[in-house]
Amino acid sequence: MNKISFKIGLLFFVAIFLLESISMFFLHDNIIHSRVHDELSALQTRGNNHREILEASFHEETIRHIAMMEARTDTQVILTTPEDGIYMSSNKVTDEMKKILKGTPKNVPHDGLILEDNWKHATYIASISPVVIDNKVKGYVYMFQNTQKIKDLISGLNRHFLLAGFLSLLFMMIIIVFLTRAVTHPLIKMSDATKRISKGDFSVSLPNLGKDEMGELGESIKVLASDLEILKNERNEFLASISHELRTPLTYIKGYAEIARRGDTTAADRDNYLGIIHEEAVKLSKLVKDLFDLAKMDENNFSIEKETVQLLPYFQRIIEKVTPALNENKMDLILDCSDQLYGQIDPIRFEQVILNLLDNAKKYSEPNTKISLDVKQLINKIHVKVKDEGKGIPEEDVPRIFERFYRVDKSRTRTLGGTGLGLSIVKQLVEAHGGTIEVKSTRNGGTTFEIII
Ligand SMILES: Nc1ncnc2c1ncn2[C@@H]1O[C@H](COP(=O)(O)OP(=O)(O)OP(=O)(O)O)[C@@H](O)[C@H]1O
Ligand SMILES: [Mg+2]
């Protein structure tokens, strides 16, 4: 028995037990009340009947007859004179009866009175009916009945109630056990599942829990498990990629440093090797910087500080920076941006975005092609398009180019110095600005990136 089942079960039990006890109590009280009432009014009616017979004929004969009739029942009749003398009694008059007889009130209504109804403590219940002939009280008919009969009746009733109570309690407990099992079973399953997930076992199998909140929780746990699994795999892949990316330039550096160190290497060769070593070291430091940026973004540990920027001079300054590199490739860059445009951006981060896109456009295009940079405002959003006439991206690769370390043509891009981190940084930065980035590209048909902020 686990804790939750016990708690719910106990709660159920207490609630139902209280409810049952209260309703049983009232039922019991009601039944007793009406049974006693029945007995009392039966006694009174019997007395009244005798009284009527006596009023019709108040004779020795009749009185004896009544006494004889009563002698055979469990009730007793006593007929008294108006002055408390006893005419007749169907049985022996006991002391208790005498006490009741003495206490007779003076003016009894014609329909009679109940004199004693305390069935619990008195020996008798009793009633009185006055015999009135020609407006004169001729005597009183007292009726007595031993309360033992009522007591027996009620103790029988109590026994039944006790049995019923016990049986329903038993029944209730069985139902509660099954019910709490049904309620808590899925919870326990889910708790087990989460424990397994935390230990790294993502193969959660939960029973079908239906469409209620419990089912939703189960679904969420399943989704969580698969998300965690994906995350874990991604992390492993990422780590593998990082170590791979670090190893390649390091191998070059190590190799060329060894050759350069050899005594028989000419000065010209050594210079060449040192150049390669330097180039690889630059790549390494870019890689490390990119990784650091990504790590910061993953932790939401960097802030976008937006300010209002006039866009035309801003982009012109960026273009100035890249023009020498483009000229080297004999490429043209055309900027189309109105003087009146202003944007809410973090100038440093957004420059990083644009430089990355321009770097790609340059890297993946042939000489003598052009790149265009269009900046427009459409319904208070800024649209920035970077378009090139390069080799494009194959359709099947388009959805994946924003992934970390994803490169279309690994062997070729390496010679161009790409690690595949640029676009994933771009995407994160654009999203941190609250914007979106989309790409349209076809193989050999150029590529367009559109940022909407
Ligand atoms: N303008 C483009 N034209 C053709 N292919 C592109 C273009 N931009 C990106 N790609 C493809 O998408 C891949 C991912 O680009 P991304 O900028 O993320 O990485 P990278 O340029 O290889 O390396 P990094 O930017 O980190 O130096 C590139 O390797 C390239 O294959
Ligand atoms: Mg790039």
# chains A, B, ... in the order shown; residues from 1 in each chain; ligands from 1
call {"tool": "residues_near_ligand", "arguments": {"ligand": "ligand 2", "cutoff": "8 Å", "atoms": "only C-alpha atoms and all ligand atoms", "output": "number ranges by chain"}}
result
A: 356-357, 359-360, 363, 418-423
call {"tool": "residues_near_ligand", "arguments": {"ligand": "ligand 1", "cutoff": "8 Å", "atoms": "only C-alpha atoms and all ligand atoms", "output": "MDAnalysis selection string"}}
result
chainID A and resid 287 290 356:365 387:388 390:393 398 401:410 413:414 416:425 441 446:449
call {"tool": "atom_distance", "arguments": {"atom1": "atom CA of A:Ile382", "atom2": "atom CA of A:Ile319"}}
result
18.4 Å
call {"tool": "select_by_dssp", "arguments": {"residues": "stretch 16-144 of chain A", "states": "helix (DSSP H, G or I)", "output": "NGL selection string"}}
result
:A and (16-56 or 60-71 or 95-102)
call {"tool": "closest_residue", "arguments": {"among": "A:Gln352, A:Ser203, A:Gln316, A:Asn158", "to": "A:Cys337", "atoms": "only C-alpha atoms"}}
result
A:Gln316
call {"tool": "closest_residue", "arguments": {"among": "A:Tyr273, A:Tyr87, A:Val132, A:Glu96", "to": "A:Ile53", "atoms": "only C-alpha atoms"}}
result
A:Val132
call {"tool": "residues_around", "arguments": {"residues": "A:Leu224", "least_positions_apart": "3", "cutoff": "10 Å", "atoms": "only C-alpha atoms", "output": "PDB file with N, CA and C atoms, in the first residue's frame"}}
result
ATOM      1  N   THR A 194       8.735   8.683 -14.550  1.00  0.00           N
ATOM      2  CA  THR A 194       9.619   9.848 -14.439  1.00  0.00           C
ATOM      3  C   THR A 194      10.922   9.461 -13.752  1.00  0.00           C
ATOM      4  N   ILE A 197      12.974   7.982 -16.350  1.00  0.00           N
ATOM      5  CA  ILE A 197      13.483   9.003 -17.269  1.00  0.00           C
ATOM      6  C   ILE A 197      14.695   9.690 -16.664  1.00  0.00           C
ATOM      7  N   PHE A 202      14.620   6.384 -21.571  1.00  0.00           N
ATOM      8  CA  PHE A 202      13.559   7.199 -22.160  1.00  0.00           C
ATOM      9  C   PHE A 202      12.447   6.376 -22.784  1.00  0.00           C
ATOM     10  N   VAL A 204       9.632   5.199 -22.117  1.00  0.00           N
ATOM     11  CA  VAL A 204       8.479   5.122 -21.217  1.00  0.00           C
ATOM     12  C   VAL A 204       7.302   4.473 -21.931  1.00  0.00           C
ATOM     13  N   GLY A 218      -0.098  12.009 -18.607  1.00  0.00           N
ATOM     14  CA  GLY A 218       0.640  10.881 -19.184  1.00  0.00           C
ATOM     15  C   GLY A 218       1.239  11.258 -20.528  1.00  0.00           C
ATOM     16  N   GLU A 219       0.418  11.912 -21.356  1.00  0.00           N
ATOM     17  CA  GLU A 219       0.895  12.345 -22.670  1.00  0.00           C
ATOM     18  C   GLU A 219       2.087  13.278 -22.511  1.00  0.00           C
ATOM     19  N   SER A 220       1.950  14.238 -21.567  1.00  0.00           N
ATOM     20  CA  SER A 220       3.039  15.200 -21.360  1.00  0.00           C
ATOM     21  C   SER A 220       4.317  14.487 -20.983  1.00  0.00           C
ATOM     22  N   ILE A 221       4.179  13.461 -20.145  1.00  0.00           N
ATOM     23  CA  ILE A 221       5.381  12.739 -19.728  1.00  0.00           C
ATOM     24  C   ILE A 221       6.023  12.046 -20.923  1.00  0.00           C
ATOM     25  N   ASP A 227      11.342  14.349 -25.889  1.00  0.00           N
ATOM     26  CA  ASP A 227      12.106  15.594 -26.028  1.00  0.00           C
ATOM     27  C   ASP A 227      13.475  15.461 -25.379  1.00  0.00           C
ATOM     28  N   LEU A 228      13.476  14.868 -24.194  1.00  0.00           N
ATOM     29  CA  LEU A 228      14.743  14.708 -23.481  1.00  0.00           C
ATOM     30  C   LEU A 228      15.694  13.818 -24.262  1.00  0.00           C
ATOM     31  N   GLU A 229      15.112  12.773 -24.862  1.00  0.00           N
ATOM     32  CA  GLU A 229      15.952  11.862 -25.628  1.00  0.00           C
ATOM     33  C   GLU A 229      16.589  12.608 -26.799  1.00  0.00           C
ATOM     34  N   ILE A 230      15.728  13.390 -27.490  1.00  0.00           N
ATOM     35  CA  ILE A 230      16.250  14.152 -28.633  1.00  0.00           C
ATOM     36  C   ILE A 230      17.354  15.090 -28.170  1.00  0.00           C
TER      37      ILE A 230
END
call {"tool": "select_by_dssp", "arguments": {"residues": "stretch 36-261 of chain A", "states": "strand (DSSP E)", "output": "NGL selection string"}}
result
:A and (75-80 or 86-89 or 113-116 or 124-133 or 136-146)
call {"tool": "residues_around", "arguments": {"residues": "A:Ser243", "least_positions_apart": "5", "cutoff": "12 Å", "atoms": "only C-alpha atoms", "output": "ChimeraX atom specification"}}
result
/A:236-238,248-251,284,287-288,291,405
call {"tool": "write_last_selection", "arguments": {"atoms": "all heavy atoms", "output": "mmCIF file, in the first residue's frame"}}
result
data_model
loop_
_atom_site.group_PDB
_atom_site.id
_atom_site.type_symbol
_atom_site.label_atom_id
_atom_site.label_comp_id
_atom_site.auth_asym_id
_atom_site.auth_seq_id
_atom_site.Cartn_x
_atom_site.Cartn_y
_atom_site.Cartn_z
ATOM 1 N N ASN A 236 24.966 14.970 -27.555
ATOM 2 C CA ASN A 236 26.072 14.066 -27.870
ATOM 3 C C ASN A 236 26.640 14.342 -29.259
ATOM 4 O O ASN A 236 27.854 14.381 -29.442
ATOM 5 C CB ASN A 236 25.596 12.612 -27.786
ATOM 6 C CG ASN A 236 25.336 12.204 -26.354
ATOM 7 O OD1 ASN A 236 25.777 12.899 -25.433
ATOM 8 N ND2 ASN A 236 24.619 11.113 -26.149
ATOM 9 N N GLU A 237 25.713 14.561 -30.211
ATOM 10 C CA GLU A 237 26.167 14.862 -31.571
ATOM 11 C C GLU A 237 26.982 16.142 -31.585
ATOM 12 O O GLU A 237 28.021 16.243 -32.254
ATOM 13 C CB GLU A 237 24.965 15.046 -32.495
ATOM 14 C CG GLU A 237 24.521 13.766 -33.170
ATOM 15 C CD GLU A 237 23.218 13.983 -33.927
ATOM 16 O OE1 GLU A 237 23.034 15.079 -34.484
ATOM 17 O OE2 GLU A 237 22.386 13.061 -33.931
ATOM 18 N N PHE A 238 26.458 17.123 -30.834
ATOM 19 C CA PHE A 238 27.106 18.421 -30.790
ATOM 20 C C PHE A 238 28.521 18.286 -30.256
ATOM 21 O O PHE A 238 29.474 18.810 -30.834
ATOM 22 C CB PHE A 238 26.261 19.341 -29.899
ATOM 23 C CG PHE A 238 26.705 20.772 -29.900
ATOM 24 C CD1 PHE A 238 26.809 21.492 -31.084
ATOM 25 C CD2 PHE A 238 26.991 21.414 -28.708
ATOM 26 C CE1 PHE A 238 27.200 22.815 -31.075
ATOM 27 C CE2 PHE A 238 27.380 22.742 -28.697
ATOM 28 C CZ PHE A 238 27.491 23.446 -29.880
ATOM 29 N N THR A 248 40.569 18.767 -36.355
ATOM 30 C CA THR A 248 41.141 18.975 -37.692
ATOM 31 C C THR A 248 42.166 20.112 -37.716
ATOM 32 O O THR A 248 43.318 19.857 -38.099
ATOM 33 C CB THR A 248 40.027 19.223 -38.717
ATOM 34 O OG1 THR A 248 38.902 18.476 -38.309
ATOM 35 C CG2 THR A 248 40.437 18.830 -40.105
ATOM 36 N N PRO A 249 41.810 21.313 -37.290
ATOM 37 C CA PRO A 249 42.848 22.361 -37.331
ATOM 38 C C PRO A 249 44.027 22.039 -36.430
ATOM 39 O O PRO A 249 45.178 22.335 -36.788
ATOM 40 C CB PRO A 249 42.126 23.620 -36.841
ATOM 41 C CG PRO A 249 40.823 23.193 -36.308
ATOM 42 C CD PRO A 249 40.532 21.845 -36.849
ATOM 43 N N LEU A 250 43.762 21.380 -35.309
ATOM 44 C CA LEU A 250 44.867 21.050 -34.408
ATOM 45 C C LEU A 250 45.830 20.067 -35.071
ATOM 46 O O LEU A 250 47.049 20.167 -34.909
ATOM 47 C CB LEU A 250 44.334 20.474 -33.099
ATOM 48 C CG LEU A 250 43.768 21.524 -32.146
ATOM 49 C CD1 LEU A 250 43.106 20.845 -30.944
ATOM 50 C CD2 LEU A 250 44.866 22.470 -31.690
ATOM 51 N N THR A 251 45.276 19.120 -35.833
ATOM 52 C CA THR A 251 46.136 18.164 -36.542
ATOM 53 C C THR A 251 47.042 18.902 -37.528
ATOM 54 O O THR A 251 48.234 18.629 -37.622
ATOM 55 C CB THR A 251 45.277 17.146 -37.316
ATOM 56 O OG1 THR A 251 44.191 16.781 -36.505
ATOM 57 C CG2 THR A 251 46.073 15.928 -37.713
ATOM 58 N N LEU A 284 40.537 28.364 -35.639
ATOM 59 C CA LEU A 284 40.241 27.821 -34.305
ATOM 60 C C LEU A 284 39.654 28.886 -33.399
ATOM 61 O O LEU A 284 38.672 28.650 -32.693
ATOM 62 C CB LEU A 284 41.528 27.291 -33.666
ATOM 63 C CG LEU A 284 41.762 25.800 -33.709
ATOM 64 C CD1 LEU A 284 43.053 25.475 -32.995
ATOM 65 C CD2 LEU A 284 40.597 25.065 -33.056
ATOM 66 N N LEU A 287 36.149 29.571 -34.351
ATOM 67 C CA LEU A 287 35.295 28.466 -33.923
ATOM 68 C C LEU A 287 34.979 28.578 -32.417
ATOM 69 O O LEU A 287 33.831 28.456 -31.986
ATOM 70 C CB LEU A 287 35.997 27.139 -34.226
ATOM 71 C CG LEU A 287 35.288 25.879 -33.764
ATOM 72 C CD1 LEU A 287 33.992 25.696 -34.532
ATOM 73 C CD2 LEU A 287 36.172 24.665 -33.948
ATOM 74 N N VAL A 288 36.025 28.833 -31.651
ATOM 75 C CA VAL A 288 35.824 28.918 -30.213
ATOM 76 C C VAL A 288 34.901 30.092 -29.869
ATOM 77 O O VAL A 288 34.003 29.974 -29.026
ATOM 78 C CB VAL A 288 37.184 29.048 -29.495
ATOM 79 C CG1 VAL A 288 36.981 29.368 -28.024
ATOM 80 C CG2 VAL A 288 37.962 27.748 -29.630
ATOM 81 N N LEU A 291 31.338 29.133 -30.761
ATOM 82 C CA LEU A 291 30.801 28.185 -29.771
ATOM 83 C C LEU A 291 30.433 28.906 -28.481
ATOM 84 O O LEU A 291 29.391 28.633 -27.871
ATOM 85 C CB LEU A 291 31.828 27.104 -29.460
ATOM 86 C CG LEU A 291 31.987 26.038 -30.532
ATOM 87 C CD1 LEU A 291 33.156 25.134 -30.189
ATOM 88 C CD2 LEU A 291 30.702 25.209 -30.648
ATOM 89 N N PHE A 405 26.614 23.088 -37.137
ATOM 90 C CA PHE A 405 27.598 22.275 -37.867
ATOM 91 C C PHE A 405 27.057 21.695 -39.165
ATOM 92 O O PHE A 405 27.685 20.837 -39.753
ATOM 93 C CB PHE A 405 28.131 21.120 -36.995
ATOM 94 C CG PHE A 405 28.921 21.587 -35.816
ATOM 95 C CD1 PHE A 405 28.482 21.362 -34.529
ATOM 96 C CD2 PHE A 405 30.116 22.275 -36.020
ATOM 97 C CE1 PHE A 405 29.216 21.795 -33.454
ATOM 98 C CE2 PHE A 405 30.853 22.718 -34.941
ATOM 99 C CZ PHE A 405 30.409 22.487 -33.644
#
call {"tool": "residues_around", "arguments": {"residues": "A:Val384", "least_positions_apart": "3", "cutoff": "6 Å", "atoms": "only C-alpha atoms", "output": "ChimeraX atom specification"}}
result
/A:374-375,450-451
call {"tool": "write_last_selection", "arguments": {"atoms": "C-alpha atoms", "output": "PDB file, in the first residue's frame"}}
result
ATOM      1  CA  ASP A 374      17.242  45.213 -49.787  1.00  0.00           C
ATOM      2  CA  VAL A 375      15.797  46.936 -46.751  1.00  0.00           C
ATOM      3  CA  GLU A 450      14.821  37.336 -45.584  1.00  0.00           C
ATOM      4  CA  ILE A 451      14.804  38.678 -42.053  1.00  0.00           C
TER       5      ILE A 451
END
